[in-house]
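A.B. asks: Next up is a structure, given as structure tokens.
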Amino acid sequence: MKTLNSTFLKLYFLSFICLTAVSCQDDNPLPPMTFHGPVTQLGDGAIRSFVKIDEDGAPEEIGLTFPESALNNLPHTMTFFEIQLPQQAYKTPFDHIGFDWNPHGHEPEGVYNVPHFDMHFYMIPSAERIQIGVEDPLSEKLPLPGYMPASYIPLPGSVPQMGKHWVDPSTPELNGGEFTQVMMMGSYNEEVTFYEPMITLEYLKEKKSDNILLELPQQYHQEGKYYPTAYKISFDQRKKEYTVSLTGLTLR
């Protein structure tokens, strides 16, 4: 009995170390799990970030969830939230998410001037991001060829605390069609700094579920991180909950 108790205590101690040490987490696979960040109030609901980790400890999806009620009683003025990610997202290149509600849209007129959400998945720290100024000259220092998807082009000017925006010029709203959702990207000082799903309020209220493949760049600034290959917009009828996420995370 004494030997059994001693063995049990050793196993218990080793298990405790594995649960508290990152290096041990990598060596001891756990079942697939979803980790959540802090809650941020929106409308009559709340937003929270999440990251899904597979059984090998690799991230497979990162994004936001919010209930249907979050689209009720939205602010009448432009609103920005900085959403923190769970610490388990450290294997991705993403630092935080900027969540913008634009009740009247924004420029260019006739294209994006409808109620919509901008969800910036930033790859730079918040302290660095907020230093980006109006028409910041570092926004005009573009990434080298290969770091942006080949079809993407930079838009004129720069947005403070965001930087330079890029878009695929074949997207419907730039060719006389309707803006419903689009994946933009961003850069600053020669680096790719964000992925940005832009989604209209009307499109979300249609409760569609889409998994959209991304056009991929040839090179990545942060080697050894898991980058997305698609993004998802979905509505869970049972939970009455929306998900907007970057999916198919792949080691680069």
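Residues in the structure tokens are named by chain (A, B, ... in the order shown) and by number from 1 within that chain; ligands are numbered from 1 in the order shown.
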Which residues of stretch 172-249 of chain A come within 10 Å of stretch 97-100 of chain A, and for each one, what is the closest pair of atoms and their distance in Å to one decimal, counting only C-alpha atoms, sorted by chain and residue number, as JSON lines?

C.D. replies:
```
{"residue": "A:Phe194", "atom": "CA", "partner": "A:Ile97", "partner_atom": "CA", "distance": 9.1}
{"residue": "A:Tyr195", "atom": "CA", "partner": "A:Ile97", "partner_atom": "CA", "distance": 9.6}
{"residue": "A:Glu196", "atom": "CA", "partner": "A:Gly98", "partner_atom": "CA", "distance": 9.1}
{"residue": "A:Met198", "atom": "CA", "partner": "A:Asp100", "partner_atom": "CA", "distance": 9.4}
```

A.B. asks: Give me, as a PyMOL selection string, all polymer residues having an atom no more than 12 Å from A:Phe35, counting only C-alpha atoms and skipping those fewer than 5 positions away in the same chain.

C.D. replies: chain A and resi 48-54+59-65+85-90

A.B. asks: Would you list the contacts of A:His165 as an NGL selection string, taking every protein, DNA or RNA residue within 7 Å and counting only C-alpha atoms, but skipping same-chain residues closer than 2 positions in sequence?

C.D. replies: :A and (154-155 or 163 or 167 or 184-187)

A.B. asks: I need the residue nearest A:Glu140 from this list: A:Gly157, A:Pro67, A:Gly105, A:Pro125. Use only C-alpha atoms for the distance.

C.D. replies: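 Ranked by minimum distance to A:Glu140, first place goes to A:Gly157.
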
A.B. asks: Enumerate as a list in words all residues of stretch 101-246 of chain A assigned to helix (DSSP H, G or I) by DSSP on the backbone, naming them with the chain letters and numbers the document uses.

C.D. replies: Ser126, Ala127, Glu128, Arg129, Pro137, Leu138, Ser139, Glu140, Pro172, Glu173, Leu174, Asn175, Leu201, Glu202, Tyr203, Leu204 and Lys205 of chain A

A.B. asks: Counting only C-alpha atoms, figure out which residue out of A:Trp166, A:Phe117, A:Tyr147, A:Phe179 gets nearest to A:Tyr220.

C.D. replies: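 The closest residue to A:Tyr220 is A:Tyr147.
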
A.B. asks: Among stretch 40-172 of chain A, which ones does DSSP assign to strand (DSSP E or B) (computed from the backbone)? Answer as a PyMOL selection string.

C.D. replies: chain A and resi 40-42+45-53+59-67+79-84+96-102+116-122+153-154+159+163-167

A.B. asks: A:Pro93, A:Pro115, A:Gly133, A:Pro145: which is nearest A:Gln222, counting only C-alpha atoms?

C.D. replies: A:Pro93

A.B. asks: Could you list, as a list in words, every residue within 10 Å of A:Pro160, counting only C-alpha atoms and ignoring same-chain residues fewer than 5 positions away?

C.D. replies: Arg129, Ile130, Gln131, Ile132, Gly133, Val134, Glu135, Asp136 and Ser139 of chain A

A.B. asks: Which of these residues is nearest to A:Val39, using only C-alpha atoms: A:Leu74, A:Met183, A:Ile83, A:Leu144?

C.D. replies: A:Ile83

A.B. asks: For A:Phe121, which of A:Val244, A:Pro38, A:Gln218, A:Leu174 is the closest residue, counting only C-alpha atoms?

C.D. replies: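 Checking each of A:Val244, A:Pro38, A:Gln218, A:Leu174 against A:Phe121, counting only C-alpha atoms, the winner is A:Val244.
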
A.B. asks: I'd like the contact shell of A:Leu204 - 9 Å cut-off, only C-alpha atoms, skipping same-chain residues fewer than 2 positions apart - returned as number ranges by chain.

C.D. replies: A: 71, 180, 199-202, 206-208, 233-235, 242

A.B. asks: Quick one: everything within 7 Å of A:Pro103, counting only C-alpha atoms, minus sequence neighbours fewer than 2 positions away in the same chain. Send it as a list of chain:residue names.

C.D. replies: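 The residues satisfying every condition are A:His76, A:Thr77, A:Met78, A:Trp101, A:Gly105, A:Pro115, A:His116.
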
A.B. asks: Write out the residues from the selection above, keeping C-alpha atoms, as an mmCIF file, in the first residue's frame.

C.D. replies:
```cif
data_model
loop_
_atom_site.group_PDB
_atom_site.id
_atom_site.type_symbol
_atom_site.label_atom_id
_atom_site.label_comp_id
_atom_site.auth_asym_id
_atom_site.auth_seq_id
_atom_site.Cartn_x
_atom_site.Cartn_y
_atom_site.Cartn_z
ATOM 1 C CA HIS A 76 -26.048 54.918 -33.172
ATOM 2 C CA THR A 77 -22.453 56.143 -33.453
ATOM 3 C CA MET A 78 -19.281 54.461 -34.672
ATOM 4 C CA TRP A 101 -19.325 48.861 -35.577
ATOM 5 C CA GLY A 105 -20.597 52.710 -42.950
ATOM 6 C CA PRO A 115 -24.157 49.547 -41.683
ATOM 7 C CA HIS A 116 -21.412 46.975 -41.194
#
```
